[in-house]
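Student: So that you have it, the file is target22.cif, and it contains mmCIF, C-alpha atoms:
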data_run
#
loop_
_atom_site.label_atom_id
_atom_site.label_comp_id
_atom_site.auth_asym_id
_atom_site.auth_seq_id
_atom_site.Cartn_x
_atom_site.Cartn_y
_atom_site.Cartn_z
CA MET V 1 336.63 108.71 55.01
CA THR V 2 334.32 108.11 52.06
CA PHE V 3 332.88 111.31 50.61
CA ARG V 4 329.17 111.37 49.90
CA ASN V 5 328.70 112.76 46.43
CA GLY V 6 326.97 111.88 43.20
CA LEU V 7 323.35 111.00 42.56
CA ALA V 8 323.64 107.54 44.10
CA SER V 9 324.59 109.07 47.47
CA LEU V 10 321.18 110.75 47.84
CA LEU V 11 318.68 109.02 50.09
CA ARG V 12 315.85 107.04 48.53
CA PRO V 13 312.68 105.93 50.34
CA GLU V 14 312.84 102.44 48.89
CA ASP V 15 316.33 101.96 50.38
CA SER V 16 315.78 103.73 53.72
CA VAL V 17 314.96 102.44 57.18
CA LEU V 18 314.36 104.78 60.13
CA VAL V 19 315.20 104.09 63.77
CA LEU V 20 313.77 106.48 66.37
CA ILE V 21 315.60 106.13 69.67
CA ASP V 22 314.46 107.11 73.17
CA HIS V 23 312.12 110.01 72.49
CA GLN V 24 310.98 109.70 76.11
CA PRO V 25 309.99 112.04 78.97
CA TYR V 26 313.14 111.46 81.03
CA GLN V 27 315.43 112.49 78.18
CA LEU V 28 313.24 115.46 77.35
CA THR V 29 313.51 116.88 80.88
CA ASN V 30 317.24 117.48 80.44
CA LEU V 31 317.18 118.49 76.79
CA ASN V 32 319.02 121.80 76.53
CA SER V 33 320.42 121.90 72.99
CA HIS V 34 317.02 122.70 71.45
CA GLU V 35 313.68 124.06 72.51
CA PRO V 36 311.88 120.87 73.67
CA GLN V 37 308.65 121.55 71.75
CA MET V 38 310.70 121.90 68.57
CA VAL V 39 312.28 118.47 69.02
CA VAL V 40 308.89 116.85 69.66
CA ASN V 41 307.51 118.59 66.57
CA ASN V 42 310.46 117.61 64.38
CA ALA V 43 310.56 114.00 65.56
CA THR V 44 306.84 113.72 64.87
CA ALA V 45 307.29 115.27 61.42
CA LEU V 46 310.08 112.80 60.70
CA ALA V 47 307.86 109.89 61.72
CA LYS V 48 305.00 111.15 59.55
CA ALA V 49 307.32 111.69 56.58
CA ALA V 50 308.62 108.13 56.90
CA LYS V 51 305.08 106.81 56.94
CA ALA V 52 304.15 108.95 53.92
CA PHE V 53 307.00 107.46 51.92
CA GLY V 54 306.52 103.90 53.14
CA VAL V 55 309.85 103.86 54.98
CA PRO V 56 309.95 101.14 57.66
CA THR V 57 310.30 102.71 61.10
CA ILE V 58 311.60 101.00 64.23
CA LEU V 59 310.63 102.56 67.56
CA THR V 60 312.82 101.86 70.56
CA SER V 61 312.98 103.03 74.18
CA VAL V 62 315.26 102.42 77.14
CA ILE V 63 313.74 101.10 80.40
CA ALA V 64 310.36 102.66 79.59
CA GLU V 65 308.86 101.72 82.96
CA ARG V 66 311.14 104.30 84.56
CA GLY V 67 312.02 106.65 81.71
CA GLY V 68 308.51 106.91 80.32
CA PHE V 69 306.84 105.83 77.12
CA ILE V 70 307.76 107.17 73.67
CA PHE V 71 305.98 110.47 73.01
CA PRO V 72 302.39 109.75 71.95
CA GLN V 73 302.81 112.16 69.03
CA ILE V 74 305.19 109.56 67.56
CA THR V 75 303.46 106.32 68.55
CA ASP V 76 300.14 107.69 67.25
CA VAL V 77 301.70 107.73 63.77
CA PHE V 78 302.15 103.95 63.98
CA PRO V 79 299.08 102.69 65.86
CA GLY V 80 299.49 99.18 67.23
CA GLN V 81 303.21 99.00 66.46
CA ALA V 82 305.29 97.54 69.28
CA VAL V 83 308.08 99.62 70.76
CA ILE V 84 311.30 97.69 71.37
CA ASP V 85 312.30 98.40 74.97
CA ARG V 86 315.95 97.93 75.91
CA THR V 87 318.30 97.96 78.86
CA LEU V 88 321.35 98.55 76.67
CA ILE V 89 322.30 102.21 76.27
CA ASN V 90 323.73 101.48 72.82
CA THR V 91 320.75 100.52 70.66
CA TRP V 92 322.97 98.75 68.13
CA GLU V 93 324.06 96.25 70.77
CA ASP V 94 320.43 95.14 71.16
CA ARG V 95 319.93 92.16 68.86
CA LYS V 96 316.16 92.74 68.59
CA VAL V 97 316.67 96.19 67.09
CA VAL V 98 319.39 95.10 64.69
CA ASP V 99 317.34 92.10 63.57
CA ALA V 100 314.34 94.37 62.91
CA VAL V 101 316.47 96.70 60.80
CA GLN V 102 318.12 93.86 58.88
CA ALA V 103 314.74 92.28 58.19
CA THR V 104 313.82 95.29 56.05
CA GLY V 105 316.64 94.47 53.63
CA ARG V 106 317.58 98.16 53.42
CA LYS V 107 321.02 99.70 53.87
CA GLN V 108 320.36 103.44 54.19
CA LEU V 109 320.02 103.65 57.96
CA ILE V 110 318.47 106.86 59.31
CA ILE V 111 318.66 107.60 63.03
CA ALA V 112 317.27 110.26 65.37
CA GLY V 113 317.06 110.19 69.13
CA LEU V 114 317.66 111.61 72.58
CA TRP V 115 320.37 112.24 73.56
CA THR V 116 322.62 112.94 70.57
CA GLU V 117 325.87 112.43 72.46
CA VAL V 118 324.84 109.08 73.95
CA CYS V 119 321.88 107.24 72.46
CA VAL V 120 322.49 108.49 68.92
CA ALA V 121 326.29 108.58 68.74
CA MET V 122 326.96 105.06 70.01
CA PRO V 123 324.74 103.13 67.55
CA VAL V 124 325.74 105.41 64.68
CA ILE V 125 329.45 104.81 65.21
CA GLN V 126 328.98 101.06 65.62
CA ALA V 127 326.72 100.75 62.55
CA LEU V 128 329.18 102.74 60.45
CA GLY V 129 331.91 100.30 61.45
CA GLU V 130 329.70 97.45 60.25
CA GLY V 131 329.27 98.95 56.80
CA TRP V 132 325.93 100.75 57.08
CA ASP V 133 325.22 104.01 55.27
CA VAL V 134 324.13 106.11 58.25
CA THR V 135 322.34 109.45 58.30
CA VAL V 136 321.52 111.36 61.51
CA ILE V 137 318.55 113.73 61.61
CA THR V 138 319.96 116.43 63.83
CA ASP V 139 316.84 118.52 64.45
CA ALA V 140 314.84 115.48 65.58
CA SER V 141 317.61 114.73 68.07
CA GLY V 142 319.02 116.71 70.97
CA GLY V 143 321.53 116.68 73.79
CA VAL V 144 321.94 117.83 77.37
CA SER V 145 323.69 120.99 76.14
CA VAL V 146 324.44 122.79 72.89
CA GLU V 147 328.06 121.72 73.27
CA ALA V 148 327.14 118.07 73.83
CA HIS V 149 324.94 118.02 70.72
CA GLN V 150 327.51 119.77 68.52
CA VAL V 151 330.48 117.71 69.70
CA ALA V 152 328.48 114.52 69.09
CA ILE V 153 327.73 115.66 65.54
CA GLN V 154 331.42 116.38 64.95
CA ARG V 155 332.33 112.96 66.32
CA MET V 156 329.84 111.18 64.07
CA ILE V 157 330.91 113.14 60.98
CA ALA V 158 334.51 112.13 61.71
CA ALA V 159 333.32 108.52 61.81
CA GLY V 160 331.65 108.90 58.39
CA ALA V 161 328.02 109.72 59.20
CA ASN V 162 325.81 111.96 57.08
CA MET V 163 323.90 114.81 58.78
CA MET V 164 320.51 116.15 57.69
CA THR V 165 317.39 117.84 59.02
CA TRP V 166 313.94 116.29 58.73
CA LEU V 167 312.65 118.57 55.97
CA ALA V 168 315.82 118.14 53.88
CA LEU V 169 315.42 114.37 54.21
CA ALA V 170 311.77 114.52 53.17
CA ALA V 171 312.68 116.62 50.12
CA GLU V 172 315.39 114.13 49.17
CA TRP V 173 312.91 111.27 49.46
CA GLN V 174 310.41 113.18 47.30
CA ARG V 175 313.01 114.23 44.71
CA ASP V 176 310.40 115.05 42.07
CA TRP V 177 307.14 116.94 42.66
CA ALA V 178 305.66 114.98 39.76
CA ARG V 179 305.41 112.04 42.18
CA ALA V 180 301.89 113.16 43.00
CA ASP V 181 300.92 110.55 45.59
CA THR V 182 303.79 111.23 47.97
CA ALA V 183 303.78 114.95 47.12
CA ALA V 184 300.26 115.25 48.53
CA LYS V 185 301.19 113.32 51.67
CA LEU V 186 304.36 115.36 52.19
CA THR V 187 302.43 118.58 51.74
CA GLU V 188 300.19 117.56 54.65
CA VAL V 189 303.22 116.98 56.86
CA ILE V 190 304.68 120.35 55.85
CA LYS V 191 301.38 122.09 56.63
CA GLN V 192 301.28 120.52 60.09
CA HIS V 193 304.94 120.73 61.11
CA ALA V 194 307.02 123.04 58.91
CA ALA V 195 305.81 126.30 60.45
CA GLY V 196 306.54 129.15 58.03
CA SER V 197 306.67 126.92 54.95
CA GLY V 198 303.35 125.30 55.83
CA ILE V 199 301.65 128.61 56.55
CA ALA V 200 303.05 130.11 53.35
CA TYR V 201 301.62 127.18 51.38
CA LEU V 202 298.18 127.71 52.91
CA TRP V 203 298.41 131.42 52.13
CA GLU V 204 299.37 130.62 48.54
CA GLN V 205 296.33 128.36 48.23
CA GLN V 206 294.14 131.10 49.69
CA LEU V 207 295.40 133.61 47.13
CA LEU V 208 295.02 131.18 44.24
CA ASN V 209 291.44 130.41 45.25
CA THR V 210 290.35 133.99 45.91
CA PRO V 211 288.76 135.71 42.90
CA ALA V 212 290.41 138.95 41.90
CA PRO V 213 288.34 141.98 42.90
CA SER V 214 286.30 143.45 40.09
CA THR V 215 287.55 146.72 38.62
CA ALA V 216 284.24 147.50 36.95
CA ARG V 217 282.52 150.72 38.01
#
Could you write out this structure as structure tokens?

Tutor:
Amino acid sequence: MTFRNGLASLLRPEDSVLVLIDHQPYQLTNLNSHEPQMVVNNATALAKAAKAFGVPTILTSVIAERGGFIFPQITDVFPGQAVIDRTLINTWEDRKVVDAVQATGRKQLIIAGLWTEVCVAMPVIQALGEGWDVTVITDASGGVSVEAHQVAIQRMIAAGANMMTWLALAAEWQRDWARADTAAKLTEVIKQHAAGSGIAYLWEQQLLNTPAPSTAR
């Protein structure tokens, strides 16, 4: 197993490509590892962060005519972008998806999807075996049980995958708050989707923009 350490191991937006897998109604109905609204929120935040940093994002579903379309919260982030629909359970066996990823020329492959133990684990393990640097966003993914999600994570770590949450990934992409353009875009995503952190930021802005009460008598 290759250890991920050193500055070069951190994720960079210019080297990243995101694949969102099967965020569909059928999978959501049997999602039990997380609160479903949280997964929808986090997957949407991940999509928005990728767009903010200019990270190419591939959207894929499995038999959408029966399993339902990708959540509109995600597809609305990429208006007009086609979703690659598959019959293969393992996304990485679908040539259209792999070709789309390879066309970006990037090697830091980031994956999130439903379910973790099936639709995430299989492509992650295959891509790792083909030499890709793979990161799984665990809080934008979910399984049919807490055990299924956790065992899948352990399995992927054993295969060499990197695990992160969406906000940690976004912070790694940002790296320096002096990057003002992406900092402003990321702040909007945090305000919309990072709950306490977003509310705290708004409160901070309120305090900074509220004149101190006069002490004059």

Student: Restricting the calculation to all atoms listed in the file: of V:Ala45, V:Ala52, V:Leu208, V:Ile84, which residue gets closest to V:Pro13?

Tutor: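 Of V:Ala45, V:Ala52, V:Leu208, V:Ile84, the one nearest V:Pro13 is V:Ala52, counting all atoms listed in the file.
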
Student: Quick one: residues within 6 Å of stretch 139-147 of chain V, all atoms listed in the file, excluding same-chain residues fewer than 4 positions away - as a compact mmCIF listing (two decimals) with C-alpha atoms, keeping the file's coordinate frame?

Tutor:
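After the write, around18.txt holds the following:
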# COMPACT_ATOMS: atom_id res chain seq x y z
CA ASN V 30 317.24 117.48 80.44
CA LEU V 31 317.18 118.49 76.79
CA ASN V 32 319.02 121.80 76.53
CA SER V 33 320.42 121.90 72.99
CA VAL V 39 312.28 118.47 69.02
CA ASN V 42 310.46 117.61 64.38
CA ALA V 43 310.56 114.00 65.56
CA ALA V 112 317.27 110.26 65.37
CA GLY V 113 317.06 110.19 69.13
CA LEU V 114 317.66 111.61 72.58
CA TRP V 115 320.37 112.24 73.56
CA THR V 116 322.62 112.94 70.57
CA VAL V 151 330.48 117.71 69.70
CA THR V 165 317.39 117.84 59.02

Student: Given the file above and the PyMOL selection byres ((chain V and resi 65) around 12), which residues are selected, and can you give them as a PyMOL selection string?

Tutor: chain V and resi 24-26+61-64+66-70+85-87

Student: Could you work out how far atom CA of V:Thr104 lies from atom CA of V:Gly129, giving the answer in Å with one decimal?

Tutor: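 The value is 19.5 Å.
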
Student: What's around V:Thr187 at 10 Å? Count all atoms listed in the file, leave out sequence neighbours fewer than 6 positions away in its own chain, and write the answer as a list in words.

Tutor: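 In the requested format, the answer is Ala49, His193, Ala194, Ser197, Gly198 and Tyr201 of chain V.
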
Student: Can you tell me, as a list of chain:residue names, what residues are no more than 10 Å from V:Leu186 when counting only C-alpha atoms, ignoring any on the same chain fewer than 4 positions away?

Tutor: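 Contacts, in chain order: V:Ala45, V:Lys48, V:Ala49, V:Ala50, V:Lys51, V:Ala52, V:Phe53, V:Leu167, V:Ala170, V:Ala171, V:Trp173, V:Gln174, V:Ala180, V:Asp181, V:Thr182, V:Ile190, V:Lys191, V:Gln192.
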
Student: Residues at most 12 Å from V:Ser9, counting only C-alpha atoms, excluding those fewer than 5 positions away in the same chain, as a list in words?

Tutor: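 The filter keeps Thr2, Phe3, Arg4, Asp15, Lys107, Gln108, Asp133, Val134, Thr135, Asn162 and Glu172 of chain V.
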
Student: When you count only C-alpha atoms, which of these residues is closest to V:Asn90: V:Gln126, V:Gln150, V:Asn5, V:Gln27?

Tutor: V:Gln126

Student: Just save stretch 43-162 of chain V with C-alpha atoms, as a short mmCIF file (atom, residue, chain, number, x, y, z; two decimals), in the first residue's frame.

Tutor:
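Result written to result28.cif:
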data_model
loop_
_atom_site.label_atom_id
_atom_site.label_comp_id
_atom_site.auth_asym_id
_atom_site.auth_seq_id
_atom_site.Cartn_x
_atom_site.Cartn_y
_atom_site.Cartn_z
CA ALA V 43 -23.84 15.59 -2.77
CA THR V 44 -25.23 18.91 -3.95
CA ALA V 45 -22.54 20.81 -2.05
CA LEU V 46 -19.89 18.58 -3.61
CA ALA V 47 -21.27 19.28 -7.08
CA LYS V 48 -21.33 23.03 -6.44
CA ALA V 49 -17.79 22.99 -5.04
CA ALA V 50 -16.55 21.17 -8.14
CA LYS V 51 -18.20 23.76 -10.35
CA ALA V 52 -16.74 26.61 -8.27
CA PHE V 53 -13.24 25.24 -8.77
CA GLY V 54 -13.70 24.32 -12.43
CA VAL V 55 -13.37 20.59 -11.75
CA PRO V 56 -14.88 18.51 -14.57
CA THR V 57 -17.83 16.49 -13.28
CA ILE V 58 -19.29 13.36 -14.85
CA LEU V 59 -22.86 12.47 -13.91
CA THR V 60 -23.95 8.86 -14.27
CA SER V 61 -27.06 6.84 -13.42
CA VAL V 62 -28.09 3.20 -13.67
CA ILE V 63 -31.25 2.31 -15.63
CA ALA V 64 -32.78 5.74 -14.95
CA GLU V 65 -36.11 4.83 -16.56
CA ARG V 66 -36.75 2.51 -13.61
CA GLY V 67 -34.49 3.85 -10.87
CA GLY V 68 -35.32 7.50 -11.42
CA PHE V 69 -33.39 10.50 -12.62
CA ILE V 70 -30.40 11.99 -10.79
CA PHE V 71 -31.56 14.35 -8.02
CA PRO V 72 -32.48 17.71 -9.58
CA GLN V 73 -30.43 19.46 -6.89
CA ILE V 74 -27.38 17.98 -8.62
CA THR V 75 -28.38 18.24 -12.28
CA ASP V 76 -29.43 21.87 -11.73
CA VAL V 77 -25.77 22.65 -10.97
CA PHE V 78 -24.86 21.54 -14.50
CA PRO V 79 -27.76 22.69 -16.69
CA GLY V 80 -27.86 20.99 -20.07
CA GLN V 81 -25.18 18.43 -19.19
CA ALA V 82 -26.02 14.90 -20.30
CA VAL V 83 -26.17 12.16 -17.69
CA ILE V 84 -24.49 8.92 -18.75
CA ASP V 85 -27.03 6.16 -18.12
CA ARG V 86 -25.71 2.61 -17.69
CA THR V 87 -26.84 -0.96 -17.30
CA LEU V 88 -23.54 -2.03 -15.73
CA ILE V 89 -23.53 -1.95 -11.92
CA ASN V 90 -19.79 -1.21 -11.94
CA THR V 91 -19.43 2.26 -13.46
CA TRP V 92 -15.79 1.66 -14.35
CA GLU V 93 -16.78 -1.16 -16.69
CA ASP V 94 -18.81 1.32 -18.76
CA ARG V 95 -16.55 2.56 -21.55
CA LYS V 96 -18.50 5.82 -21.97
CA VAL V 97 -17.78 6.85 -18.38
CA VAL V 98 -14.12 5.89 -18.50
CA ASP V 99 -13.65 7.68 -21.82
CA ALA V 100 -15.25 10.83 -20.37
CA VAL V 101 -12.90 10.74 -17.39
CA GLN V 102 -9.82 10.06 -19.50
CA ALA V 103 -10.74 12.90 -21.86
CA THR V 104 -10.17 15.37 -19.02
CA GLY V 105 -6.50 14.39 -18.84
CA ARG V 106 -6.65 14.37 -15.04
CA LYS V 107 -5.50 11.62 -12.68
CA GLN V 108 -6.95 12.59 -9.30
CA LEU V 109 -10.24 10.71 -9.52
CA ILE V 110 -12.89 11.70 -6.97
CA ILE V 111 -15.97 9.52 -6.54
CA ALA V 112 -19.21 9.72 -4.56
CA GLY V 113 -22.36 7.70 -5.02
CA LEU V 114 -25.16 5.46 -3.81
CA TRP V 115 -24.62 2.83 -2.56
CA THR V 116 -21.14 2.88 -1.03
CA GLU V 117 -20.80 -0.89 -0.83
CA VAL V 118 -21.81 -1.48 -4.45
CA CYS V 119 -21.79 1.43 -6.87
CA VAL V 120 -18.87 3.20 -5.19
CA ALA V 121 -16.69 0.28 -4.09
CA MET V 122 -16.57 -1.56 -7.40
CA PRO V 123 -15.34 1.31 -9.62
CA VAL V 124 -12.99 2.55 -6.91
CA ILE V 125 -11.28 -0.82 -6.55
CA GLN V 126 -11.02 -1.30 -10.32
CA ALA V 127 -9.69 2.22 -10.95
CA LEU V 128 -7.10 1.81 -8.20
CA GLY V 129 -5.88 -1.36 -9.90
CA GLU V 130 -5.47 0.63 -13.12
CA GLY V 131 -3.24 3.22 -11.48
CA TRP V 132 -5.68 6.02 -10.67
CA ASP V 133 -5.32 8.18 -7.56
CA VAL V 134 -8.80 7.67 -6.09
CA THR V 135 -10.57 9.63 -3.37
CA VAL V 136 -14.03 8.74 -2.04
CA ILE V 137 -16.26 11.45 -0.56
CA THR V 138 -17.90 9.49 2.21
CA ASP V 139 -20.55 11.97 3.34
CA ALA V 140 -21.87 12.41 -0.21
CA SER V 141 -22.22 8.63 -0.41
CA GLY V 142 -24.25 6.15 1.60
CA GLY V 143 -25.18 2.51 1.99
CA VAL V 144 -28.11 0.30 2.88
CA SER V 145 -26.88 0.15 6.48
CA VAL V 146 -24.24 1.73 8.70
CA GLU V 147 -22.35 -1.55 8.59
CA ALA V 148 -22.49 -1.76 4.79
CA HIS V 149 -21.14 1.79 4.44
CA GLN V 150 -18.37 1.31 7.00
CA VAL V 151 -17.25 -2.09 5.70
CA ALA V 152 -17.13 -0.67 2.17
CA ILE V 153 -14.91 2.17 3.38
CA GLN V 154 -12.59 -0.31 5.10
CA ARG V 155 -12.45 -2.40 1.93
CA MET V 156 -11.57 0.59 -0.23
CA ILE V 157 -8.93 1.85 2.21
CA ALA V 158 -7.34 -1.61 2.13
CA ALA V 159 -7.26 -1.32 -1.67
CA GLY V 160 -5.47 2.05 -1.44
CA ALA V 161 -8.27 4.62 -1.69
CA ASN V 162 -8.26 7.98 0.06
#
